[in-house]
$ cat coords-v6.cif   # mmCIF, C-alpha atoms
data_structure
#
loop_
_atom_site.label_atom_id
_atom_site.label_comp_id
_atom_site.auth_asym_id
_atom_site.auth_seq_id
_atom_site.Cartn_x
_atom_site.Cartn_y
_atom_site.Cartn_z
CA MET A 22 41.01 4.37 -3.74
CA LYS A 23 40.29 2.72 -0.42
CA ILE A 24 37.61 5.31 0.30
CA LEU A 25 36.02 4.62 -3.07
CA ARG A 26 35.95 0.90 -2.44
CA LEU A 27 34.38 1.48 0.96
CA THR A 28 31.83 3.80 -0.63
CA PHE A 29 30.92 1.12 -3.18
CA ILE A 30 30.56 -1.46 -0.41
CA ALA A 31 28.47 0.92 1.72
CA LEU A 32 26.21 1.67 -1.23
CA GLY A 33 25.83 -2.03 -1.91
CA ILE A 34 24.93 -2.77 1.69
CA PHE A 35 22.46 0.09 1.72
CA ALA A 36 20.83 -1.23 -1.42
CA MET A 37 20.63 -4.78 -0.10
CA VAL A 38 19.16 -3.64 3.21
CA SER A 39 16.52 -1.58 1.44
CA CYS A 40 15.88 -4.38 -1.00
CA THR A 41 12.76 -5.72 0.70
CA LYS A 42 9.73 -5.56 -1.49
CA TYR A 43 7.40 -4.70 1.37
CA PRO A 44 7.89 -1.30 2.96
CA PRO A 45 8.17 -1.08 6.74
CA THR A 46 4.45 -0.90 7.45
CA SER A 47 3.22 1.27 10.20
CA SER A 48 2.01 -0.62 13.26
CA ARG A 49 -1.04 1.58 12.98
CA LEU A 50 -2.09 -0.51 10.01
CA LEU A 51 -3.08 -3.31 12.37
CA GLU A 52 -3.82 -1.26 15.46
CA ASP A 53 -6.19 1.19 13.87
CA LEU A 54 -9.86 0.38 14.01
CA ALA A 55 -11.24 -1.20 10.89
CA VAL A 56 -14.95 -1.39 10.17
CA LEU A 57 -16.15 -4.18 7.88
CA THR A 58 -19.83 -4.49 7.09
CA GLN A 59 -21.85 -6.65 4.76
CA TYR A 60 -25.58 -6.78 4.21
CA ASP A 61 -27.91 -9.03 2.27
CA VAL A 62 -28.56 -7.10 -0.94
CA ASN A 63 -31.85 -9.01 -1.36
CA THR A 64 -33.25 -7.76 1.93
CA ASN A 65 -35.40 -4.65 1.80
CA PHE A 66 -34.82 -3.12 5.23
CA GLY A 67 -37.48 -0.54 4.48
CA LEU A 68 -40.14 -3.18 5.08
CA TYR A 69 -39.23 -3.63 8.73
CA LYS A 70 -39.90 -1.40 11.70
CA THR A 71 -39.23 -3.04 15.04
CA TYR A 72 -36.12 -4.60 16.48
CA SER A 73 -34.85 -6.10 19.66
CA ILE A 74 -31.27 -6.07 20.88
CA VAL A 75 -29.32 -8.05 23.46
CA ASP A 76 -28.89 -6.28 26.77
CA THR A 77 -25.13 -6.62 26.82
CA VAL A 78 -22.08 -7.87 24.94
CA TYR A 79 -21.20 -11.54 24.86
CA TYR A 80 -17.50 -12.12 25.15
CA ILE A 81 -16.30 -15.18 23.25
CA THR A 82 -13.16 -16.57 24.86
CA ASP A 83 -11.12 -19.73 24.64
CA LYS A 84 -13.04 -21.04 27.62
CA GLY A 85 -16.53 -20.21 26.47
CA THR A 86 -18.88 -17.30 26.32
CA GLN A 87 -19.04 -14.72 29.07
CA LYS A 88 -21.70 -12.14 29.47
CA ILE A 89 -20.05 -8.77 30.05
CA ILE A 90 -21.79 -5.99 31.84
CA SER A 91 -19.69 -2.87 32.10
CA ALA A 92 -19.86 0.82 31.35
CA ASN A 93 -18.20 0.23 27.98
CA THR A 94 -20.62 -2.45 26.87
CA LYS A 95 -23.48 -0.18 27.84
CA ILE A 96 -22.00 2.51 25.61
CA ILE A 97 -21.81 0.02 22.72
CA ILE A 98 -25.38 -1.18 23.11
CA ASN A 99 -26.73 2.34 23.56
CA GLN A 100 -24.92 3.57 20.46
CA ILE A 101 -26.37 0.77 18.33
CA ILE A 102 -29.83 1.64 19.67
CA ALA A 103 -29.23 5.32 18.88
CA ASP A 104 -28.18 4.51 15.32
CA MET A 105 -31.11 2.14 14.74
CA ASN A 106 -33.58 4.67 16.12
CA ALA A 107 -32.04 7.38 13.95
CA ARG A 108 -32.80 5.18 10.93
CA GLY A 109 -36.45 5.10 11.94
CA PHE A 110 -36.55 1.70 13.65
CA LYS A 111 -38.29 1.14 16.97
CA GLN A 112 -36.81 -0.88 19.78
CA VAL A 113 -39.20 -3.36 21.36
CA ALA A 114 -38.88 -6.21 23.82
CA LYS A 115 -38.02 -9.67 22.55
CA SER A 116 -41.46 -10.84 23.64
CA ALA A 117 -43.09 -8.24 21.33
CA LYS A 118 -42.08 -10.31 18.27
CA PRO A 119 -39.80 -7.77 16.58
CA ASP A 120 -39.00 -7.79 12.87
CA LEU A 121 -35.25 -7.75 13.45
CA GLY A 122 -32.91 -8.94 16.19
CA ILE A 123 -29.40 -7.70 17.01
CA ASN A 124 -26.65 -9.74 18.64
CA VAL A 125 -23.46 -8.12 19.90
CA SER A 126 -20.36 -10.20 20.63
CA ALA A 127 -16.72 -9.51 21.25
CA ILE A 128 -13.97 -11.92 20.34
CA LYS A 129 -11.39 -12.40 23.05
CA THR A 130 -9.74 -15.52 21.73
CA THR A 131 -7.17 -15.31 18.98
CA THR A 132 -7.26 -17.58 16.02
CA THR A 133 -5.78 -17.66 12.58
CA VAL A 134 -8.88 -18.15 10.52
CA TYR A 135 -12.00 -16.18 11.02
CA TYR A 136 -15.20 -15.99 9.08
CA PRO A 137 -18.52 -14.71 10.29
CA GLY A 138 -20.41 -17.44 12.09
CA TRP A 139 -17.45 -19.66 12.95
CA TYR A 140 -18.20 -19.12 16.61
CA TRP A 141 -21.73 -20.49 16.21
CA GLY A 142 -20.27 -23.89 16.86
CA TYR A 143 -17.62 -22.64 19.22
CA PRO A 144 -17.55 -24.49 22.55
CA GLY A 145 -19.39 -22.50 25.14
CA TYR A 146 -20.88 -20.03 22.70
CA TYR A 147 -24.35 -19.02 23.70
CA PRO A 148 -26.88 -21.47 22.32
CA PRO A 149 -27.91 -20.89 18.73
CA ASP A 150 -31.53 -21.03 19.83
CA TRP A 151 -30.96 -17.90 21.83
CA TRP A 152 -33.75 -16.14 19.95
CA GLY A 153 -35.82 -19.27 20.18
CA TYR A 154 -34.81 -20.70 16.80
CA ASN A 155 -32.58 -23.48 15.58
CA GLY A 156 -29.65 -21.44 14.36
CA TYR A 157 -28.38 -18.86 11.91
CA TYR A 158 -27.32 -18.77 8.30
CA TYR A 159 -25.90 -16.13 5.99
CA PRO A 160 -27.95 -15.52 2.85
CA TYR A 161 -24.73 -14.15 1.30
CA TYR A 162 -21.18 -15.39 1.10
CA PRO A 163 -19.59 -13.61 4.03
CA THR A 164 -16.41 -11.61 3.64
CA TYR A 165 -13.81 -12.70 6.11
CA TYR A 166 -10.52 -11.83 7.61
CA THR A 167 -7.75 -14.37 7.33
CA SER A 168 -6.85 -13.55 10.89
CA TYR A 169 -8.02 -11.10 13.47
CA SER A 170 -6.96 -9.61 16.72
CA ALA A 171 -8.51 -9.93 20.13
CA GLY A 172 -11.05 -7.28 20.86
CA THR A 173 -13.04 -7.54 17.65
CA LEU A 174 -16.65 -6.47 18.06
CA VAL A 175 -19.25 -8.33 16.02
CA ILE A 176 -22.75 -6.97 15.48
CA GLU A 177 -25.21 -9.26 13.69
CA MET A 178 -28.71 -8.46 12.60
CA VAL A 179 -31.13 -11.34 12.09
CA ASN A 180 -34.44 -11.23 10.26
CA PHE A 181 -37.35 -12.79 12.14
CA LYS A 182 -39.64 -12.30 9.15
CA ASN A 183 -37.78 -14.60 6.82
CA ILE A 184 -37.12 -17.75 8.81
CA THR A 185 -36.36 -20.92 6.88
CA PRO A 186 -38.68 -23.93 7.13
CA ALA A 187 -35.93 -25.58 9.17
CA GLY A 188 -36.17 -22.76 11.66
CA ASP A 189 -32.90 -20.95 10.82
CA LEU A 190 -32.58 -17.21 11.09
CA PRO A 191 -30.93 -15.31 8.23
CA VAL A 192 -28.23 -12.85 9.25
CA VAL A 193 -29.06 -9.92 7.00
CA TRP A 194 -26.28 -7.62 8.20
CA ASP A 195 -23.04 -8.12 10.02
CA ALA A 196 -20.58 -5.53 11.20
CA ILE A 197 -17.10 -6.29 12.42
CA ILE A 198 -15.08 -3.63 14.20
CA ARG A 199 -11.60 -4.90 14.58
CA GLY A 200 -9.74 -3.96 17.72
CA LEU A 201 -12.58 -2.04 19.35
CA VAL A 202 -13.02 -3.94 22.60
CA THR A 203 -9.64 -3.18 24.08
CA ASP A 204 -8.53 -0.68 26.64
CA THR A 205 -6.76 1.46 24.08
CA HIS A 206 -9.75 3.20 22.56
CA THR A 207 -11.74 6.12 23.84
CA THR A 208 -15.49 6.35 24.17
CA THR A 209 -15.48 8.56 21.10
CA ASP A 210 -13.66 5.84 19.13
CA VAL A 211 -16.35 3.38 20.17
CA THR A 212 -19.30 5.56 19.25
CA ASN A 213 -17.71 6.80 16.01
CA SER A 214 -16.88 3.31 14.79
CA ILE A 215 -20.40 2.05 15.50
CA ASP A 216 -21.75 5.12 13.69
CA GLN A 217 -19.46 4.20 10.80
CA CYS A 218 -21.04 0.73 10.59
CA PHE A 219 -24.36 2.36 9.84
CA THR A 220 -22.95 5.18 7.71
CA GLN A 221 -21.39 2.72 5.28
CA THR A 222 -24.64 0.73 5.13
CA PRO A 223 -27.21 3.31 4.05
CA SER A 224 -29.64 0.51 3.10
CA ILE A 225 -30.46 -0.01 6.76
CA LYS A 226 -33.35 2.40 6.98
CA THR A 227 -37.03 1.77 7.47
CA SER A 228 -39.71 3.19 5.21
CA LEU A 229 -42.48 2.47 7.71
CA MET B 30 45.61 35.93 -6.23
CA LYS B 31 45.35 32.61 -4.46
CA LYS B 32 41.57 32.82 -4.70
CA THR B 33 41.77 33.53 -8.43
CA PHE B 34 44.03 30.53 -8.90
CA ILE B 35 41.61 28.24 -7.07
CA ILE B 36 38.67 29.48 -9.14
CA LEU B 37 40.72 28.98 -12.29
CA MET B 38 41.60 25.43 -11.31
CA ILE B 39 37.98 24.60 -10.54
CA GLY B 40 37.00 26.08 -13.87
CA LEU B 41 39.58 23.94 -15.61
CA LEU B 42 38.35 20.87 -13.85
CA PHE B 43 34.81 21.50 -14.99
CA THR B 44 35.73 22.16 -18.57
CA GLY B 45 38.22 19.36 -18.58
CA THR B 46 40.74 21.24 -20.66
CA VAL B 47 44.03 22.87 -20.03
CA SER B 48 45.86 25.33 -22.15
CA ALA B 49 49.22 24.02 -23.33
CA GLN B 50 50.06 26.37 -26.08
CA ASP B 51 53.78 26.10 -25.37
CA GLN B 52 53.70 22.49 -26.44
CA GLY B 53 51.38 23.14 -29.36
CA THR B 54 48.99 20.46 -28.14
CA LYS B 55 45.69 20.49 -26.31
CA PRO B 56 45.72 17.66 -23.79
CA THR B 57 42.76 16.99 -21.54
CA PHE B 58 42.34 15.75 -18.02
CA GLY B 59 39.94 13.13 -19.28
CA TYR B 60 39.94 10.15 -21.61
CA LYS B 61 37.36 8.50 -23.74
CA PRO B 62 36.18 5.36 -21.97
CA SER B 63 35.54 2.12 -23.78
CA SER B 64 32.83 1.18 -21.31
CA TYR B 65 31.66 1.81 -17.79
CA TYR B 66 29.45 0.23 -15.16
CA SER B 67 27.42 2.20 -12.69
CA PHE B 68 25.68 1.56 -9.43
CA GLY B 69 23.38 4.35 -8.35
CA TRP B 70 20.94 5.44 -5.75
CA ASN B 71 17.61 6.31 -7.32
CA THR B 72 14.92 8.68 -6.06
CA LEU B 73 11.53 8.68 -7.74
CA TRP B 74 8.64 11.14 -7.78
CA THR B 75 5.30 9.98 -9.13
CA ILE B 76 3.48 12.28 -11.53
CA GLY B 77 0.20 12.17 -13.45
CA ASP B 78 -2.17 9.33 -12.57
CA PHE B 79 0.58 7.55 -10.66
CA ASN B 80 0.59 10.45 -8.20
CA LYS B 81 -3.06 9.73 -7.39
CA TRP B 82 -2.05 6.26 -6.23
CA VAL B 83 1.02 7.23 -4.22
CA GLY B 84 1.71 10.91 -3.75
CA ASN B 85 5.05 10.57 -2.01
CA GLY B 86 8.42 10.55 -3.65
CA SER B 87 10.67 7.72 -2.62
CA PRO B 88 14.44 7.39 -2.21
CA ALA B 89 14.15 3.59 -1.89
CA GLY B 90 15.69 2.50 -5.11
CA PHE B 91 18.89 1.65 -6.88
CA ASN B 92 20.07 1.18 -10.39
CA LEU B 93 22.66 -1.02 -12.02
CA GLY B 94 23.83 0.02 -15.47
CA GLY B 95 26.42 -0.68 -18.10
CA ARG B 96 27.50 1.27 -21.18
CA TYR B 97 29.73 0.31 -24.10
CA PHE B 98 31.03 3.11 -26.31
CA ILE B 99 30.60 2.48 -29.98
CA PRO B 100 34.06 2.98 -31.52
CA GLY B 101 34.50 6.13 -33.56
CA THR B 102 31.29 7.70 -32.32
CA ASN B 103 29.99 9.58 -29.33
CA PHE B 104 27.31 6.97 -28.81
CA ALA B 105 27.20 4.36 -26.11
CA ALA B 106 24.76 1.48 -25.84
CA GLY B 107 23.93 -0.48 -22.75
CA PHE B 108 21.41 -1.50 -20.16
CA ASN B 109 19.75 -0.37 -16.94
CA ILE B 110 18.30 -2.63 -14.30
CA GLN B 111 16.52 -0.92 -11.49
CA TRP B 112 14.78 -1.67 -8.27
CA GLN B 113 12.37 0.85 -6.81
CA ARG B 114 9.62 1.11 -4.26
CA VAL B 115 7.15 3.93 -3.63
CA TRP B 116 4.66 3.89 -0.82
CA GLN B 117 2.27 5.97 1.21
CA ASP B 118 -0.17 5.38 4.04
CA TYR B 119 -3.59 6.93 3.93
CA PRO B 120 -5.92 7.68 6.83
CA GLN B 121 -9.20 5.84 7.16
CA GLN B 122 -11.07 5.52 3.88
CA THR B 123 -14.17 3.54 2.97
CA PHE B 124 -14.00 0.96 0.21
CA TYR B 125 -17.15 -0.54 -1.26
CA GLY B 126 -17.10 -4.02 -2.73
CA ASP B 127 -19.55 -6.44 -4.27
CA ASN B 128 -22.40 -8.12 -2.39
CA GLY B 129 -23.00 -5.31 0.06
CA VAL B 130 -19.48 -5.27 1.47
CA ALA B 131 -17.96 -2.06 2.82
CA LEU B 132 -14.69 -1.62 4.66
CA THR B 133 -13.42 1.48 6.44
CA ALA B 134 -9.80 1.35 7.49
CA MET B 135 -6.44 2.98 7.25
CA ASN B 136 -4.76 1.76 4.10
CA TYR B 137 -1.24 1.48 2.88
CA ARG B 138 -0.36 1.52 -0.78
CA PHE B 139 2.89 0.67 -2.43
CA THR B 140 4.26 -0.12 -5.83
CA TRP B 141 7.34 -2.22 -6.31
CA MET B 142 8.96 -2.06 -9.72
CA VAL B 143 11.85 -3.71 -11.49
CA PRO B 144 12.49 -2.12 -14.89
CA PHE B 145 14.79 -3.68 -17.47
CA GLN B 146 15.82 -1.29 -20.20
CA ALA B 147 18.15 -1.11 -23.15
CA ALA B 148 19.65 2.37 -23.49
CA ILE B 149 21.42 4.41 -26.09
CA ASP B 150 23.40 7.48 -24.96
CA TYR B 151 24.97 10.35 -26.83
CA TYR B 152 27.96 11.97 -25.09
CA PHE B 153 28.71 15.49 -26.19
CA ILE B 154 32.33 15.47 -25.03
CA PRO B 155 33.11 11.89 -24.03
CA SER B 156 36.82 12.46 -23.47
CA LYS B 157 36.34 15.25 -20.94
CA MET B 158 36.39 14.92 -17.19
CA ILE B 159 32.77 15.99 -17.07
CA SER B 160 30.83 14.54 -19.92
CA PRO B 161 27.17 15.48 -20.33
CA TYR B 162 24.91 13.16 -22.26
CA ILE B 163 21.38 12.54 -23.39
CA SER B 164 19.91 9.07 -23.36
CA LEU B 165 16.85 7.08 -24.31
CA GLY B 166 15.91 3.90 -22.49
CA ILE B 167 13.38 1.42 -23.88
CA GLY B 168 12.29 -1.73 -22.17
CA GLY B 169 9.87 -3.48 -19.90
CA ASP B 170 8.80 -2.72 -16.37
CA TYR B 171 7.64 -5.34 -13.90
CA MET B 172 5.38 -3.71 -11.35
CA GLU B 173 3.42 -4.92 -8.34
CA HIS B 174 0.74 -2.62 -6.98
CA HIS B 175 -0.27 -3.48 -3.41
CA LEU B 176 -3.14 -2.21 -1.31
CA LEU B 177 -2.74 -3.20 2.34
CA ILE B 178 -5.77 -2.89 4.58
CA GLN B 179 -5.24 -4.35 8.01
CA ASP B 180 -3.84 -7.81 7.25
CA LEU B 181 -5.35 -7.92 3.78
CA ASP B 182 -2.89 -7.61 0.92
CA ILE B 183 -4.68 -6.97 -2.36
CA TYR B 184 -2.24 -6.76 -5.21
CA LYS B 185 -1.89 -6.91 -8.95
CA THR B 186 1.19 -7.53 -11.05
CA ARG B 187 1.93 -6.29 -14.54
CA TRP B 188 4.64 -6.34 -17.19
CA ASP B 189 4.54 -3.35 -19.48
CA PHE B 190 6.48 -1.25 -21.94
CA SER B 191 8.44 1.78 -20.75
CA LEU B 192 10.26 4.69 -22.34
CA THR B 193 12.81 6.84 -20.48
CA PRO B 194 14.42 9.96 -21.94
CA GLU B 195 17.27 11.07 -19.71
CA ILE B 196 19.84 13.82 -19.32
CA GLY B 197 22.90 13.22 -17.26
CA VAL B 198 26.55 13.65 -16.76
CA LEU B 199 29.44 11.21 -16.41
CA ILE B 200 32.17 12.56 -14.15
CA LYS B 201 35.64 11.04 -14.05
CA PHE B 202 37.40 11.31 -10.73
CA GLY B 203 40.77 11.86 -12.34
CA ALA B 204 42.76 11.52 -15.51
CA PHE B 205 44.19 8.23 -14.29
CA SER B 206 41.31 7.01 -12.17
CA ASN B 207 38.97 4.22 -13.19
CA PHE B 208 36.31 5.57 -10.90
CA GLY B 209 33.74 8.20 -11.56
CA ALA B 210 30.24 9.36 -10.80
CA ASN B 211 27.03 9.52 -12.70
CA ILE B 212 24.23 12.01 -12.08
CA ALA B 213 21.10 11.65 -14.17
CA PHE B 214 17.60 12.98 -14.30
CA ASN B 215 14.91 11.25 -16.30
CA TYR B 216 11.26 11.07 -17.11
CA LYS B 217 9.67 7.67 -17.47
CA TRP B 218 6.47 6.85 -19.27
CA THR B 219 5.03 3.36 -19.04
CA THR B 220 1.98 1.57 -20.33
CA ASN B 221 1.60 0.13 -16.84
CA GLN B 222 -1.66 0.77 -15.04
CA ILE B 223 -3.30 0.36 -11.66
CA ASP B 224 -6.79 -1.11 -11.39
CA PHE B 225 -8.48 -1.02 -8.01
CA SER B 226 -12.08 -0.59 -6.93
CA GLY B 227 -13.22 -0.01 -10.50
CA ASN B 228 -10.75 2.87 -11.00
CA SER B 229 -8.07 2.58 -13.63
CA LEU B 230 -4.96 4.74 -13.48
CA LYS B 231 -3.26 4.43 -16.86
CA ASN B 232 0.12 5.25 -18.40
CA LEU B 233 2.04 5.62 -15.16
CA GLN B 234 4.65 8.37 -15.26
CA MET B 235 7.45 9.38 -12.98
CA LEU B 236 10.51 11.60 -12.60
CA GLN B 237 13.74 10.13 -11.31
CA LEU B 238 17.03 11.43 -10.01
CA ARG B 239 19.96 9.03 -9.93
CA VAL B 240 23.31 9.56 -8.26
CA GLY B 241 25.81 6.78 -8.61
CA LEU B 242 29.37 5.65 -8.75
CA CYS B 243 30.95 4.26 -11.88
CA TYR B 244 33.80 1.95 -12.72
CA ILE B 245 35.20 3.17 -16.01
CA LEU B 246 37.30 1.16 -18.44
CA ARG B 247 39.55 2.87 -20.96
#

$ encode --input "coords-v6.cif" --output "structure tokens"
Amino acid sequence: MKILRLTFIALGIFAMVSCTKYPPTSSRLLEDLAVLTQYDVNTNFGLYKTYSIVDTVYYITDKGTQKIISANTKIIINQIIADMNARGFKQVAKSAKPDLGINVSAIKTTTTVYYPGWYWGYPGYYPPDWWGYNGYYYPYYPTYYTSYSAGTLVIEMVNFKNITPAGDLPVVWDAIIRGLVTDTHTTTDVTNSIDQCFTQTPSIKTSL
Amino acid sequence: MKKTFIILMIGLLFTGTVSAQDQGTKPTFGYKPSSYYSFGWNTLWTIGDFNKWVGNGSPAGFNLGGRYFIPGTNFAAGFNIQWQRVWQDYPQQTFYGDNGVALTAMNYRFTWMVPFQAAIDYYFIPSKMISPYISLGIGGDYMEHHLLIQDLDIYKTRWDFSLTPEIGVLIKFGAFSNFGANIAFNYKWTTNQIDFSGNSLKNLQMLQLRVGLCYILR
């Protein structure tokens, strides 16, 4: 009888312990790379041919923006160039008045609320007139994470051919690769995830 | 000889009868309960459309039940309350949303369900030590279907109708014991459905195995 009582109690404890609604999620859920992209569905990328890209990655930290020049950032920039060229676009210098411009940033700071563009007003962020214009705007309502980890890579494409009268540049595509700029990922991870940004946005292709 | 005796005793236990011709009676090891309460461990396997959502079976579940024997019959009526969770993680997949949004990430899916059912059982030999039965449960299932992608938790909740035919056996631990065990296997059909990314998985179905302990009242 005592054994039965103990069995009942053990069963009860087991049930209570396993009673959580949420399963024990794998840590991989947050550690794995995630690629989020969004493009302006009203932009016809086929009408554009040339683009310019920043020469390195801008690291956004709690103390401002740092320009990073390293082997890894070179890999990132070169992979974006390779993907753009594969879609038929042609890289030109900023002075050649390209159709499109590409910014690449990495988030080092941690915060609880993130939405694309929040860092435009972030202290120390590189000036919004970096391309020679007043600032940026999203022609679409951007999808956002409620929080994000350090090491998120942000790629933004601006359209120089559709500037507002106030001088603002529309961001016609943004790609967020969560967790990429850390020391835990291989070069293959980096190139594959940048490839994925383009793969899941087939609209980015020139017809010219 | 000893081996034969042991086999014979096991056989008697399973049939629940003993020959007592010398007394002209046919007593049993069992008794017909007036009611019993059970607490069981439940394992679930998804089938049909439900299996497309989560392919894994899950042992994370338990069941609380009660049965009251209708006097003069082999029927018992009662209830089942259950708690169950099924889950599975999937490697990187791409999801497409509105307004040009696309997301590629590992995703984690789970369904949490709390069914409440009324049940009617028919016991073929209720007074025996081992008493097989058939049962039909009818009730409502509360379900939450969650899709976890990174820190995003996209979920939908539903209340729906469910139907559960079951076969099982009630085992008494002794002629004078109030404790017993319950082993049951059932199929559940629900009107519950899962709607994500424009896909609708309807009429969720599952198979369940329950093993539990019972407190039996005479």

$ closest_atom_pairs --input "coords-v6.cif" --of "chain B" --to "chain A" --cutoff "8 Å" --atoms "all atoms listed in the file" --output "Markdown table"
| residue | atom | partner | partner_atom | distance |
| --- | --- | --- | --- | --- |
| B:Trp70 | CA | A:Leu32 | CA | 7.9 |
| B:Ala89 | CA | A:Ser39 | CA | 6.6 |
| B:Gly90 | CA | A:Ala36 | CA | 7.3 |
| B:Phe91 | CA | A:Ala36 | CA | 6.5 |
| B:Trp112 | CA | A:Cys40 | CA | 7.8 |
| B:Arg114 | CA | A:Lys42 | CA | 7.2 |
| B:Trp116 | CA | A:Pro44 | CA | 7.2 |
| B:Thr123 | CA | A:Gln221 | CA | 7.6 |
| B:Asn128 | CA | A:Val62 | CA | 6.4 |
| B:Gly129 | CA | A:Gln59 | CA | 5.0 |
| B:Val130 | CA | A:Gln59 | CA | 4.3 |
| B:Ala131 | CA | A:Thr58 | CA | 5.3 |
| B:Leu132 | CA | A:Leu57 | CA | 4.4 |
| B:Thr133 | CA | A:Val56 | CA | 4.9 |
| B:Ala134 | CA | A:Ala55 | CA | 4.5 |
| B:Met135 | CA | A:Leu50 | CA | 6.2 |
| B:Asn136 | CA | A:Leu50 | CA | 6.9 |
| B:Tyr137 | CA | A:Leu50 | CA | 7.5 |
| B:Phe139 | CA | A:Pro44 | CA | 7.6 |
| B:Trp141 | CA | A:Lys42 | CA | 6.3 |
| B:Ile178 | CA | A:Leu50 | CA | 7.0 |
| B:Gln179 | CA | A:Leu51 | CA | 5.0 |
| B:Asp180 | CA | A:Leu51 | CA | 6.9 |
| B:Leu181 | CA | A:Tyr166 | CA | 7.5 |
| B:Phe208 | CA | A:Leu25 | CA | 7.9 |
| B:Leu242 | CA | A:Phe29 | CA | 7.3 |

$ resolve_selection --input "coords-v6.cif" --expression "the PyMOL selection byres ((chain A and resi 102-107) around 9)" --output "list in words"
Tyr72, Ile74, Ile97, Ile98, Asn99, Gln100, Ile101, Arg108, Gly109, Phe110, Lys111, Gln112, Ile215, Asp216, Phe219, Ile225 and Lys226 of chain A

$ axis_aligned_box --input "coords-v6.cif" --around "range 59-67 of chain A" --padding-each-side "8 Å" --output "AutoDock Vina command-line options"
--center_x -29.7 --center_y -4.8 --center_z 1.9 --size_x 31.6 --size_y 24.5 --size_z 22.6

$ atom_distance --input "coords-v6.cif" --atom1 "CA of Gly69 in chain B" --atom2 "CA of Gly203 in chain B"
19.4 Å

$ atom_distance --input "coords-v6.cif" --atom1 "CA of Leu27 in chain A" --atom2 "CA of Val240 in chain B"
16.5 Å

$ closest_residue --input "coords-v6.cif" --among "B:Pro161, B:Gly107, B:Gly168, B:Pro155" --to "Ile196 in chain B" --atoms "all atoms listed in the file"
B:Pro161

$ resolve_selection --input "coords-v6.cif" --expression "the PyMOL selection byres ((chain B and resi 220) around 8)" --output "list in words"
Asp189, Phe190, Ser191, Trp218, Thr219, Asn221, Gln222, Lys231, Asn232 and Leu233 of chain B

$ atom_distance --input "coords-v6.cif" --atom1 "CA of Asn65 in chain A" --atom2 "CA of Ile184 in chain A"
15.0 Å

$ resolve_selection --input "coords-v6.cif" --expression "the PyMOL selection byres ((chain A and resi 192) around 7)" --output "PyMOL selection string"
chain A and resi 157-160+177-180+190-191+193-194

$ write_last_selection --input "coords-v6.cif" --atoms "C-alpha atoms" --output "PDB file, in the coordinates of the input"
ATOM      1  CA  TYR A 157     -28.380 -18.860  11.910  1.00  0.00           C
ATOM      2  CA  TYR A 158     -27.320 -18.770   8.300  1.00  0.00           C
ATOM      3  CA  TYR A 159     -25.900 -16.130   5.990  1.00  0.00           C
ATOM      4  CA  PRO A 160     -27.950 -15.520   2.850  1.00  0.00           C
ATOM      5  CA  GLU A 177     -25.210  -9.260  13.690  1.00  0.00           C
ATOM      6  CA  MET A 178     -28.710  -8.460  12.600  1.00  0.00           C
ATOM      7  CA  VAL A 179     -31.130 -11.340  12.090  1.00  0.00           C
ATOM      8  CA  ASN A 180     -34.440 -11.230  10.260  1.00  0.00           C
ATOM      9  CA  LEU A 190     -32.580 -17.210  11.090  1.00  0.00           C
ATOM     10  CA  PRO A 191     -30.930 -15.310   8.230  1.00  0.00           C
ATOM     11  CA  VAL A 193     -29.060  -9.920   7.000  1.00  0.00           C
ATOM     12  CA  TRP A 194     -26.280  -7.620   8.200  1.00  0.00           C
TER      13      TRP A 194
END

$ closest_residue --input "coords-v6.cif" --among "B:Gly209, B:Gly95, B:Gly197, B:Pro144" --to "Ile163 in chain B" --atoms "only C-alpha atoms"
B:Gly197

$ closest_residue --input "coords-v6.cif" --among "B:Val143, B:Leu246, B:Ala210, B:Leu238" --to "Ile159 in chain B" --atoms "all atoms listed in the file"
B:Ala210

$ closest_residue --input "coords-v6.cif" --among "B:Trp82, B:Tyr171, B:Phe108, B:Phe214" --to "Asn228 in chain B" --atoms "all atoms listed in the file"
B:Trp82

$ closest_residue --input "coords-v6.cif" --among "B:Met142, B:Ile167, B:Ile76, B:Ile183" --to "Gln111 in chain B" --atoms "only C-alpha atoms"
B:Met142

$ closest_residue --input "coords-v6.cif" --among "B:Phe205, B:Ser160, B:Arg138, B:Phe104" --to "Pro120 in chain B" --atoms "only C-alpha atoms"
B:Arg138

$ decode --input "coords-v6.cif" --residues "range 61-66 of chain B" --atoms "N, CA and C atoms" --output "tab-separated table (two decimals), in the first residue's frame"
chain	number	residue	atom	x	y	z
B	61	LYS	N	-17.45	-5.96	-8.30
B	61	LYS	CA	-17.94	-4.92	-9.20
B	61	LYS	C	-17.84	-3.58	-8.48
B	62	PRO	N	-17.06	-2.66	-9.03
B	62	PRO	CA	-16.90	-1.38	-8.34
B	62	PRO	C	-18.16	-0.53	-8.45
B	63	SER	N	-18.29	0.41	-7.55
B	63	SER	CA	-19.38	1.38	-7.70
B	63	SER	C	-18.86	2.59	-8.48
B	64	SER	N	-17.59	2.87	-8.31
B	64	SER	CA	-16.98	3.98	-9.06
B	64	SER	C	-15.46	3.84	-8.97
B	65	TYR	N	-14.78	4.57	-9.78
B	65	TYR	CA	-13.32	4.63	-9.64
B	65	TYR	C	-12.79	5.93	-10.23
B	66	TYR	N	-11.64	6.31	-9.74
B	66	TYR	CA	-10.96	7.52	-10.22
B	66	TYR	C	-9.59	7.12	-10.74
